[in-house]
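Peer 1: data-v2.csv is reproduced below (CSV, C-alpha atoms).
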chain,number,residue,atom,x,y,z
A,1,VAL,CA,26.5,-16.9,8.7
A,2,ARG,CA,25.0,-13.5,7.8
A,3,ALA,CA,23.1,-14.9,4.8
A,4,ALA,CA,21.8,-17.8,6.9
A,5,VAL,CA,20.6,-15.5,9.7
A,6,LEU,CA,18.9,-13.1,7.2
A,7,ALA,CA,17.2,-15.9,5.4
A,8,ALA,CA,16.0,-17.5,8.6
A,9,ALA,CA,14.6,-14.1,9.7
A,10,ARG,CA,12.6,-13.7,6.5
A,11,GLU,CA,11.2,-17.2,6.6
A,12,LEU,CA,10.1,-17.0,10.2
A,13,VAL,CA,8.4,-13.6,9.9
A,14,ALA,CA,6.7,-14.7,6.7
A,15,GLU,CA,5.5,-17.9,8.4
A,16,GLN,CA,4.5,-16.6,11.9
A,17,GLY,CA,4.3,-12.8,11.7
A,18,TYR,CA,6.8,-10.4,13.3
A,19,GLU,CA,5.7,-10.2,16.9
A,20,PRO,CA,5.9,-13.9,17.9
A,21,VAL,CA,9.4,-14.4,16.4
A,22,SER,CA,12.4,-14.1,18.7
A,23,ILE,CA,16.1,-13.6,18.0
A,24,GLU,CA,16.6,-17.0,19.7
A,25,GLN,CA,14.3,-18.7,17.1
A,26,ILE,CA,16.1,-17.0,14.2
A,27,ALA,CA,19.5,-18.1,15.5
A,28,ALA,CA,18.2,-21.7,16.0
A,29,ARG,CA,16.8,-21.8,12.4
A,30,ALA,CA,20.0,-20.5,11.0
A,31,GLY,CA,22.0,-23.0,13.0
A,32,VAL,CA,24.1,-20.3,14.9
A,33,HIS,CA,24.4,-19.3,18.5
A,34,LYS,CA,22.2,-16.5,19.6
A,35,THR,CA,25.1,-14.4,20.9
A,36,THR,CA,26.4,-14.4,17.3
A,37,VAL,CA,23.2,-12.8,16.2
A,38,TYR,CA,23.0,-10.3,19.2
A,39,ARG,CA,26.6,-9.3,18.5
A,40,ARG,CA,25.7,-8.2,14.9
A,41,TRP,CA,22.2,-6.9,15.3
A,42,PRO,CA,21.2,-4.7,18.3
A,43,THR,CA,17.4,-5.3,17.9
A,44,LYS,CA,15.0,-7.6,16.2
A,45,ALA,CA,13.6,-4.7,14.2
A,46,ARG,CA,17.0,-3.9,12.7
A,47,LEU,CA,17.7,-7.6,12.0
A,48,VAL,CA,14.4,-8.1,10.2
A,49,MET,CA,14.7,-4.9,8.1
A,50,ASP,CA,18.3,-5.8,7.2
A,51,ALA,CA,16.9,-9.2,6.0
A,52,VAL,CA,14.4,-7.4,3.8
A,53,GLU,CA,17.0,-5.0,2.5
A,54,ASP,CA,19.4,-7.8,1.7
A,55,MET,CA,16.6,-9.6,-0.3
A,56,SER,CA,15.6,-6.4,-2.1
A,57,ALA,CA,19.2,-5.5,-3.1
A,58,GLU,CA,19.8,-9.0,-4.5
A,59,ARG,CA,16.5,-9.6,-6.2
A,60,VAL,CA,15.7,-6.0,-7.3
A,61,PRO,CA,18.9,-4.4,-8.5
A,62,VAL,CA,18.7,-0.9,-10.0
A,63,PRO,CA,19.2,-1.2,-13.7
A,64,ASP,CA,21.2,1.0,-16.0
A,65,THR,CA,20.0,0.4,-19.6
A,66,GLY,CA,20.6,3.9,-20.9
A,67,ALA,CA,17.0,5.1,-21.0
A,68,LEU,CA,14.5,5.9,-18.2
A,69,GLY,CA,11.6,4.0,-19.8
A,70,SER,CA,13.6,0.7,-20.1
A,71,ASP,CA,15.2,1.2,-16.6
A,72,LEU,CA,11.8,1.6,-15.0
A,73,ARG,CA,10.3,-1.4,-16.9
A,74,ARG,CA,13.2,-3.6,-15.8
A,75,PHE,CA,13.0,-2.4,-12.2
A,76,SER,CA,9.2,-2.8,-11.9
A,77,ARG,CA,9.4,-6.3,-13.5
A,78,ALA,CA,12.0,-7.3,-10.8
A,79,ILE,CA,9.7,-6.0,-8.1
A,80,VAL,CA,6.8,-7.9,-9.4
A,81,ALA,CA,8.9,-11.1,-9.7
A,82,ASN,CA,10.1,-10.6,-6.1
A,83,LEU,CA,6.5,-10.0,-4.8
A,84,ASN,CA,5.5,-13.3,-6.5
A,85,THR,CA,8.1,-15.4,-4.8
A,86,LYS,CA,7.0,-17.6,-2.0
A,87,GLY,CA,6.4,-15.8,1.3
A,88,ALA,CA,7.0,-12.3,-0.1
A,89,THR,CA,3.4,-11.1,0.3
A,90,ALA,CA,3.1,-12.6,3.7
A,91,LEU,CA,6.3,-10.9,4.8
A,92,ALA,CA,5.1,-7.5,3.5
A,93,ARG,CA,1.8,-7.9,5.3
A,94,ALA,CA,3.4,-9.0,8.5
A,95,LEU,CA,5.7,-6.0,8.6
A,96,VAL,CA,2.9,-3.5,7.8
A,97,ALA,CA,0.9,-5.2,10.6
A,98,ALA,CA,3.7,-5.2,13.2
A,99,ALA,CA,4.6,-1.6,12.4
A,100,ALA,CA,1.2,-0.6,13.7
A,101,ASP,CA,2.2,-1.7,17.2
A,102,SER,CA,6.0,-1.1,17.2
A,103,GLU,CA,7.5,2.4,17.1
A,104,GLU,CA,10.9,0.8,16.7
A,105,LEU,CA,9.9,-1.3,13.7
A,106,ARG,CA,8.2,1.6,12.1
A,107,ALA,CA,11.4,3.7,12.4
A,108,SER,CA,13.5,0.8,11.0
A,109,ALA,CA,11.1,0.3,8.1
A,110,ALA,CA,11.0,4.0,7.3
A,111,GLN,CA,14.8,4.0,7.2
A,112,PHE,CA,14.8,0.9,4.9
A,113,TRP,CA,12.4,2.7,2.5
A,114,ARG,CA,14.5,5.9,2.5
A,115,ARG,CA,17.6,3.9,1.6
A,116,ARG,CA,15.7,1.9,-1.2
A,117,PHE,CA,14.2,5.1,-2.6
A,118,GLY,CA,17.7,6.6,-2.5
A,119,VAL,CA,19.2,3.7,-4.5
A,120,ALA,CA,16.3,3.7,-7.0
A,121,GLY,CA,16.8,7.5,-7.3
A,122,GLU,CA,20.0,6.7,-9.3
A,123,MET,CA,17.8,5.9,-12.3
A,124,VAL,CA,16.2,9.3,-12.0
A,125,ALA,CA,19.6,11.1,-11.6
A,126,ARG,CA,20.9,9.4,-14.8
A,127,ALA,CA,17.7,10.4,-16.7
A,128,VAL,CA,18.2,14.0,-15.6
A,129,GLU,CA,21.8,13.9,-16.8
A,130,ARG,CA,20.7,12.6,-20.1
A,131,ARG,CA,18.1,15.4,-20.2
A,132,GLU,CA,15.3,13.0,-20.6
A,133,ILE,CA,13.4,14.6,-17.7
A,134,PRO,CA,13.5,18.0,-15.9
A,135,ALA,CA,16.4,18.7,-13.5
A,136,ASP,CA,14.0,19.4,-10.6
A,137,THR,CA,12.3,16.0,-10.8
A,138,ASP,CA,11.4,14.7,-7.3
A,139,SER,CA,12.7,11.1,-7.4
A,140,ASP,CA,10.8,10.0,-4.3
A,141,ALA,CA,7.6,11.1,-6.0
A,142,LEU,CA,8.5,9.1,-9.1
A,143,ILE,CA,9.3,6.0,-7.1
A,144,GLU,CA,6.2,6.1,-5.0
A,145,THR,CA,4.1,6.4,-8.2
A,146,LEU,CA,5.9,3.4,-9.7
A,147,ILE,CA,5.4,1.1,-6.7
A,148,GLY,CA,2.0,2.4,-5.6
A,149,PRO,CA,-0.3,0.1,-7.7
A,150,LEU,CA,1.8,-2.9,-6.9
A,151,TYR,CA,1.4,-2.5,-3.2
A,152,VAL,CA,-2.3,-1.6,-3.5
A,153,ARG,CA,-2.8,-5.1,-5.0
A,154,VAL,CA,-0.6,-6.9,-2.6
A,155,LEU,CA,-1.8,-5.2,0.6
A,156,LEU,CA,-5.3,-4.0,-0.2
A,157,THR,CA,-7.2,-5.5,-3.1
A,158,ASP,CA,-5.6,-8.9,-3.1
A,159,VAL,CA,-5.3,-8.9,-6.9
A,160,ALA,CA,-2.4,-10.7,-8.6
A,161,VAL,CA,0.6,-8.6,-9.8
A,162,ASP,CA,2.0,-9.5,-13.2
A,163,ARG,CA,4.3,-8.3,-15.9
A,164,ARG,CA,1.6,-6.4,-17.7
A,165,LEU,CA,1.0,-4.3,-14.5
A,166,ALA,CA,4.8,-3.9,-14.2
A,167,ASP,CA,5.0,-2.5,-17.7
A,168,ARG,CA,2.0,-0.2,-17.2
A,169,VAL,CA,3.3,1.4,-14.0
A,170,ALA,CA,6.7,1.9,-15.6
A,171,ASP,CA,5.2,3.6,-18.7
A,172,VAL,CA,2.8,5.8,-16.7
A,173,THR,CA,5.7,6.9,-14.4
A,174,ALA,CA,8.1,7.5,-17.3
A,175,GLU,CA,5.6,9.6,-19.2
A,176,ALA,CA,4.6,11.6,-16.2
A,177,ALA,CA,8.3,12.3,-15.4
A,178,LYS,CA,8.9,13.5,-19.0
A,179,ALA,CA,5.8,15.7,-18.8
A,180,GLY,CA,7.3,17.4,-15.7
A,181,LEU,CA,4.6,16.1,-13.4
A,182,PHE,CA,7.1,15.2,-10.7
A,183,SER,CA,8.8,18.6,-10.7
A,184,ARG,CA,9.3,20.0,-7.2
B,1,VAL,CA,-28.4,2.1,15.9
B,2,ARG,CA,-26.6,1.2,12.7
B,3,ALA,CA,-24.4,4.3,12.7
B,4,ALA,CA,-23.5,3.8,16.4
B,5,VAL,CA,-22.5,0.2,15.9
B,6,LEU,CA,-20.4,1.1,12.8
B,7,ALA,CA,-18.7,4.0,14.6
B,8,ALA,CA,-17.9,1.7,17.6
B,9,ALA,CA,-16.5,-0.9,15.3
B,10,ARG,CA,-14.2,1.6,13.6
B,11,GLU,CA,-13.0,3.1,16.9
B,12,LEU,CA,-12.3,-0.2,18.6
B,13,VAL,CA,-10.3,-1.7,15.6
B,14,ALA,CA,-8.3,1.5,15.3
B,15,GLU,CA,-7.5,1.4,19.0
B,16,GLN,CA,-6.9,-2.3,19.6
B,17,GLY,CA,-6.4,-3.9,16.2
B,18,TYR,CA,-8.9,-6.3,14.5
B,19,GLU,CA,-8.1,-9.6,16.2
B,20,PRO,CA,-8.8,-8.8,19.9
B,21,VAL,CA,-12.0,-6.9,19.2
B,22,SER,CA,-15.3,-8.9,19.7
B,23,ILE,CA,-18.8,-8.3,18.6
B,24,GLU,CA,-19.8,-8.1,22.3
B,25,GLN,CA,-17.4,-5.3,22.8
B,26,ILE,CA,-18.6,-3.4,19.8
B,27,ALA,CA,-22.2,-3.8,21.0
B,28,ALA,CA,-21.3,-2.5,24.5
B,29,ARG,CA,-19.4,0.5,23.1
B,30,ALA,CA,-22.4,1.3,20.9
B,31,GLY,CA,-24.8,0.9,23.8
B,32,VAL,CA,-26.9,-1.8,22.1
B,33,HIS,CA,-27.6,-5.5,22.9
B,34,LYS,CA,-25.2,-8.0,21.2
B,35,THR,CA,-28.1,-9.9,19.6
B,36,THR,CA,-29.1,-6.7,17.8
B,37,VAL,CA,-25.6,-6.7,16.2
B,38,TYR,CA,-25.6,-10.4,15.4
B,39,ARG,CA,-29.0,-10.1,13.8
B,40,ARG,CA,-27.7,-7.5,11.3
B,41,TRP,CA,-24.1,-8.7,10.7
B,42,PRO,CA,-23.3,-12.4,10.3
B,43,THR,CA,-19.6,-12.0,11.0
B,44,LYS,CA,-17.1,-9.6,12.5
B,45,ALA,CA,-15.4,-9.3,9.2
B,46,ARG,CA,-18.5,-8.2,7.5
B,47,LEU,CA,-19.4,-5.8,10.3
B,48,VAL,CA,-15.9,-4.1,10.3
B,49,MET,CA,-15.8,-3.8,6.5
B,50,ASP,CA,-19.3,-2.4,6.5
B,51,ALA,CA,-18.0,0.2,9.0
B,52,VAL,CA,-15.2,1.1,6.7
B,53,GLU,CA,-17.5,1.3,3.7
B,54,ASP,CA,-19.9,3.5,5.5
B,55,MET,CA,-17.1,5.9,6.4
B,56,SER,CA,-15.7,5.9,2.9
B,57,ALA,CA,-19.1,6.6,1.3
B,58,GLU,CA,-19.7,9.5,3.7
B,59,ARG,CA,-16.3,11.1,3.7
B,60,VAL,CA,-15.1,10.3,0.2
B,61,PRO,CA,-18.1,10.8,-2.1
B,62,VAL,CA,-17.5,10.4,-5.9
B,63,PRO,CA,-17.6,13.9,-7.4
B,64,ASP,CA,-19.2,15.0,-10.7
B,65,THR,CA,-17.6,18.3,-11.7
B,66,GLY,CA,-17.9,17.9,-15.4
B,67,ALA,CA,-14.2,17.1,-16.1
B,68,LEU,CA,-12.0,14.2,-15.3
B,69,GLY,CA,-9.1,16.3,-14.0
B,70,SER,CA,-11.2,18.2,-11.4
B,71,ASP,CA,-13.2,15.1,-10.5
B,72,LEU,CA,-9.9,13.2,-9.7
B,73,ARG,CA,-8.5,16.2,-7.7
B,74,ARG,CA,-11.6,16.5,-5.6
B,75,PHE,CA,-11.7,12.7,-5.0
B,76,SER,CA,-8.0,12.4,-4.1
B,77,ARG,CA,-8.2,15.4,-1.7
B,78,ALA,CA,-11.1,13.8,0.0
B,79,ILE,CA,-9.1,10.5,0.4
B,80,VAL,CA,-6.2,12.5,1.9
B,81,ALA,CA,-8.5,14.3,4.3
B,82,ASN,CA,-10.0,11.0,5.3
B,83,LEU,CA,-6.6,9.4,5.8
B,84,ASN,CA,-5.6,12.4,8.0
B,85,THR,CA,-8.6,12.0,10.4
B,86,LYS,CA,-7.9,10.5,13.8
B,87,GLY,CA,-7.6,6.7,13.8
B,88,ALA,CA,-7.8,6.3,10.0
B,89,THR,CA,-4.2,5.2,9.5
B,90,ALA,CA,-4.4,2.9,12.5
B,91,LEU,CA,-7.5,1.4,11.1
B,92,ALA,CA,-6.0,0.8,7.7
B,93,ARG,CA,-2.9,-0.8,9.2
B,94,ALA,CA,-4.9,-2.9,11.5
B,95,LEU,CA,-7.0,-4.3,8.6
B,96,VAL,CA,-4.0,-5.0,6.4
B,97,ALA,CA,-2.4,-6.8,9.4
B,98,ALA,CA,-5.4,-8.9,10.2
B,99,ALA,CA,-6.0,-9.8,6.6
B,100,ALA,CA,-2.7,-11.7,6.7
B,101,ASP,CA,-4.2,-14.1,9.2
B,102,SER,CA,-7.9,-14.2,8.3
B,103,GLU,CA,-9.1,-15.6,5.0
B,104,GLU,CA,-12.6,-14.3,5.8
B,105,LEU,CA,-11.4,-10.7,6.4
B,106,ARG,CA,-9.3,-10.9,3.3
B,107,ALA,CA,-12.4,-11.9,1.3
B,108,SER,CA,-14.6,-9.1,2.9
B,109,ALA,CA,-11.9,-6.6,2.3
B,110,ALA,CA,-11.4,-7.6,-1.3
B,111,GLN,CA,-15.2,-7.2,-1.8
B,112,PHE,CA,-15.1,-3.8,-0.2
B,113,TRP,CA,-12.4,-2.7,-2.6
B,114,ARG,CA,-14.2,-4.0,-5.6
B,115,ARG,CA,-17.3,-2.0,-4.6
B,116,ARG,CA,-15.3,1.1,-4.0
B,117,PHE,CA,-13.5,0.8,-7.3
B,118,GLY,CA,-16.8,0.3,-9.0
B,119,VAL,CA,-18.3,3.5,-7.5
B,120,ALA,CA,-15.1,5.4,-8.3
B,121,GLY,CA,-15.4,4.0,-11.8
B,122,GLU,CA,-18.4,6.3,-12.4
B,123,MET,CA,-15.9,9.2,-12.8
B,124,VAL,CA,-14.1,7.2,-15.5
B,125,ALA,CA,-17.4,6.3,-17.3
B,126,ARG,CA,-18.5,9.9,-17.4
B,127,ALA,CA,-15.0,10.9,-18.8
B,128,VAL,CA,-15.4,8.3,-21.5
B,129,GLU,CA,-18.9,9.6,-22.4
B,130,ARG,CA,-17.5,13.1,-22.7
B,131,ARG,CA,-14.7,11.7,-24.9
B,132,GLU,CA,-12.0,12.9,-22.7
B,133,ILE,CA,-10.4,9.5,-22.5
B,134,PRO,CA,-10.5,6.4,-24.7
B,135,ALA,CA,-13.5,4.1,-24.5
B,136,ASP,CA,-11.4,1.1,-23.5
B,137,THR,CA,-9.9,2.8,-20.4
B,138,ASP,CA,-9.5,0.3,-17.6
B,139,SER,CA,-11.1,2.1,-14.6
B,140,ASP,CA,-9.6,-0.2,-12.0
B,141,ALA,CA,-6.1,0.5,-13.4
B,142,LEU,CA,-6.8,4.2,-13.2
B,143,ILE,CA,-8.1,4.1,-9.6
B,144,GLU,CA,-5.2,1.9,-8.4
B,145,THR,CA,-2.7,4.4,-9.9
B,146,LEU,CA,-4.5,7.3,-8.1
B,147,ILE,CA,-4.6,5.7,-4.6
B,148,GLY,CA,-1.2,3.9,-4.9
B,149,PRO,CA,1.1,6.7,-3.7
B,150,LEU,CA,-1.3,7.6,-0.8
B,151,TYR,CA,-1.2,4.1,0.6
B,152,VAL,CA,2.6,3.7,0.0
B,153,ARG,CA,3.0,6.6,2.4
B,154,VAL,CA,0.4,5.5,4.9
B,155,LEU,CA,1.4,1.8,5.0
B,156,LEU,CA,5.0,1.7,4.0
B,157,THR,CA,7.1,4.8,4.2
B,158,ASP,CA,5.3,6.6,7.0
B,159,VAL,CA,5.4,10.0,5.2
B,160,ALA,CA,2.6,12.5,5.7
B,161,VAL,CA,0.0,12.7,2.9
B,162,ASP,CA,-1.1,16.2,2.0
B,163,ARG,CA,-3.1,18.2,-0.5
B,164,ARG,CA,0.0,18.7,-2.7
B,165,LEU,CA,0.3,14.9,-3.1
B,166,ALA,CA,-3.5,14.6,-3.7
B,167,ASP,CA,-3.2,17.0,-6.6
B,168,ARG,CA,-0.2,15.3,-8.0
B,169,VAL,CA,-1.7,11.8,-8.0
B,170,ALA,CA,-4.8,13.3,-9.7
B,171,ASP,CA,-2.8,15.1,-12.4
B,172,VAL,CA,-0.6,12.1,-13.1
B,173,THR,CA,-3.6,9.8,-13.4
B,174,ALA,CA,-5.7,12.1,-15.5
B,175,GLU,CA,-2.8,12.7,-18.0
B,176,ALA,CA,-2.0,9.0,-18.2
B,177,ALA,CA,-5.7,8.3,-18.9
B,178,LYS,CA,-5.8,10.9,-21.6
B,179,ALA,CA,-2.6,9.5,-23.2
B,180,GLY,CA,-4.3,6.1,-23.4
B,181,LEU,CA,-2.0,4.4,-20.9
B,182,PHE,CA,-4.9,2.7,-19.1
B,183,SER,CA,-6.3,1.2,-22.3
B,184,ARG,CA,-7.1,-2.5,-21.9
Produce structure tokens that represent the structure in this file.

Peer 2:
Amino acid sequence: VRAAVLAAARELVAEQGYEPVSIEQIAARAGVHKTTVYRRWPTKARLVMDAVEDMSAERVPVPDTGALGSDLRRFSRAIVANLNTKGATALARALVAAAADSEELRASAAQFWRRRFGVAGEMVARAVERREIPADTDSDALIETLIGPLYVRVLLTDVAVDRRLADRVADVTAEAAKAGLFSR
Amino acid sequence: VRAAVLAAARELVAEQGYEPVSIEQIAARAGVHKTTVYRRWPTKARLVMDAVEDMSAERVPVPDTGALGSDLRRFSRAIVANLNTKGATALARALVAAAADSEELRASAAQFWRRRFGVAGEMVARAVERREIPADTDSDALIETLIGPLYVRVLLTDVAVDRRLADRVADVTAEAAKAGLFSR
């Protein structure tokens, strides 16, 4: 049931945008009763961001290859592959759009990003333990540098994201980290 | 007249979003007749992106300090200052939002970004001439790395952008360029 509801939420928001979609519609698409959905998710914002988080966790796992450079390459390639799946760009744009008008969605989205940055930070923590990068490396700074060019293309310049870009952002970020440019 | 129309377009889109704003409303706010606006701008998409370009050119000029590192710091600080002016974040979000639904706005926005990347590329060309960075440096790659973390915060994570971030993105980008990480 949970997977069906989350998939329905992602599809509907990608197709129609965030604002027009209702919990009733999501329940109908998933083939469950709306009270089942209301029981598990207090608000549409929480439901939709849960749906995004579920997809991210599944399609963009945090790798552990034993070295920062290869961890970041694997991670950025997974993000690129995810952004290139059907509906992903539409979903991202729809959420940025709706966050402009909804304080509640903005808060749920910010929380989603904090959790994702936290999970991705495990790569940074392991690199610190291996003494590849300085102990005072700011992992949020590293992650935002890694994903920045990907979202510039998807949200602003409308240029395709590909594996070459994934490798470049990983290499730029790993080198900057090693040079201490993300030290607090 | 031109400046008044462009300022009115920026204000209205920041306040209400792109979709609901009409050329008639923009003309009224600017205190000019709507035919004056239609004569100069064929579509709302072109008018609004012209308004954004006008603001960018004025508030974020491309510096020429004689060194890539200081050029990029001055440039990124100006972008941060611009993003921190009233309405700038709302305007950026509104345009990303509307681009999801409008092929025409998406095309005008992509054109705006190509021109801005071209102008910013002058810093890169001068750095190549000074032999600070390799001749085959991809200037678009450099610019998207510079602005990436700024727009991640403004559009996704809802974290404040400040001078410290501006300096960090400039330093990361300059060092990566010098290391040849943006070579084609």

Peer 1: What are the residues of chain A that have an atom within 6 Å of an atom of chain B, counting only C-alpha atoms, as JSON, numbers by chain?

Peer 2: {"A": [93, 97, 110, 113, 144, 145, 148, 149, 152, 157, 172]}

Peer 1: State, in Å with one decimal place, the distance from atom CA of Ala120 of chain B to atom CA of Leu47 of chain B.

Peer 2: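 Going from atom CA of Ala120 of chain B over to atom CA of Leu47 of chain B covers 22.1 Å.
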
Peer 1: Can you measure atom CA of Ala7 of chain B to atom CA of Ile79 of chain B for me? One decimal in Å is fine.

Peer 2: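 Atom CA of Ile79 of chain B lies 18.3 Å from atom CA of Ala7 of chain B.
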
Peer 1: What does the distance between atom CA of Gln25 of chain B and atom CA of Gly87 of chain B come to in Å, to one decimal place?

Peer 2: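 Computing it gives 17.9 Å between the two atoms.
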
Peer 1: With only C-alpha atoms as the basis for distance, which of A:Glu24, A:Asp71, A:Glu132, A:Glu19 is at the shortest distance from Tyr38 of chain A?

Peer 2: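 Among the listed residues, the smallest separation from Tyr38 of chain A belongs to A:Glu24.
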
Peer 1: Can you pull out the residues contacting Arg59 of chain B? Cut-off 9 Å, using all atoms listed in the file, and skip same-chain residues under 5 positions away; I want them as number ranges by chain.

Peer 2: B: 54, 78-79, 81-82

Peer 1: Missing atoms in segment 30-41 of chain A: can you complete it with N, CA and C atoms, as a short mmCIF file (atom, residue, chain, number, x, y, z; two decimals), keeping the file's coordinate frame?

Peer 2:
data_model
loop_
_atom_site.label_atom_id
_atom_site.label_comp_id
_atom_site.auth_asym_id
_atom_site.auth_seq_id
_atom_site.Cartn_x
_atom_site.Cartn_y
_atom_site.Cartn_z
N ALA A 30 18.81 -20.68 11.82
CA ALA A 30 20.00 -20.50 11.00
C ALA A 30 21.16 -21.38 11.43
N GLY A 31 20.98 -22.06 12.57
CA GLY A 31 22.00 -23.00 13.00
C GLY A 31 23.23 -22.25 13.62
N VAL A 32 23.01 -21.07 14.22
CA VAL A 32 24.10 -20.30 14.90
C VAL A 32 23.73 -20.04 16.31
N HIS A 33 24.73 -19.66 17.10
CA HIS A 33 24.40 -19.30 18.50
C HIS A 33 23.81 -17.95 18.60
N LYS A 34 22.90 -17.81 19.57
CA LYS A 34 22.20 -16.50 19.60
C LYS A 34 23.07 -15.35 19.92
N THR A 35 24.18 -15.57 20.63
CA THR A 35 25.10 -14.40 20.90
C THR A 35 25.71 -13.90 19.61
N THR A 36 25.91 -14.81 18.64
CA THR A 36 26.40 -14.40 17.30
C THR A 36 25.46 -13.38 16.70
N VAL A 37 24.17 -13.66 16.83
CA VAL A 37 23.20 -12.80 16.20
C VAL A 37 23.11 -11.45 17.01
N TYR A 38 23.05 -11.54 18.35
CA TYR A 38 23.00 -10.30 19.20
C TYR A 38 24.20 -9.41 18.93
N ARG A 39 25.35 -10.04 18.67
CA ARG A 39 26.60 -9.30 18.50
C ARG A 39 26.45 -8.38 17.20
N ARG A 40 25.77 -8.93 16.16
CA ARG A 40 25.70 -8.20 14.90
C ARG A 40 24.49 -7.28 14.78
N TRP A 41 23.39 -7.67 15.43
CA TRP A 41 22.20 -6.90 15.30
C TRP A 41 21.64 -6.48 16.66
#
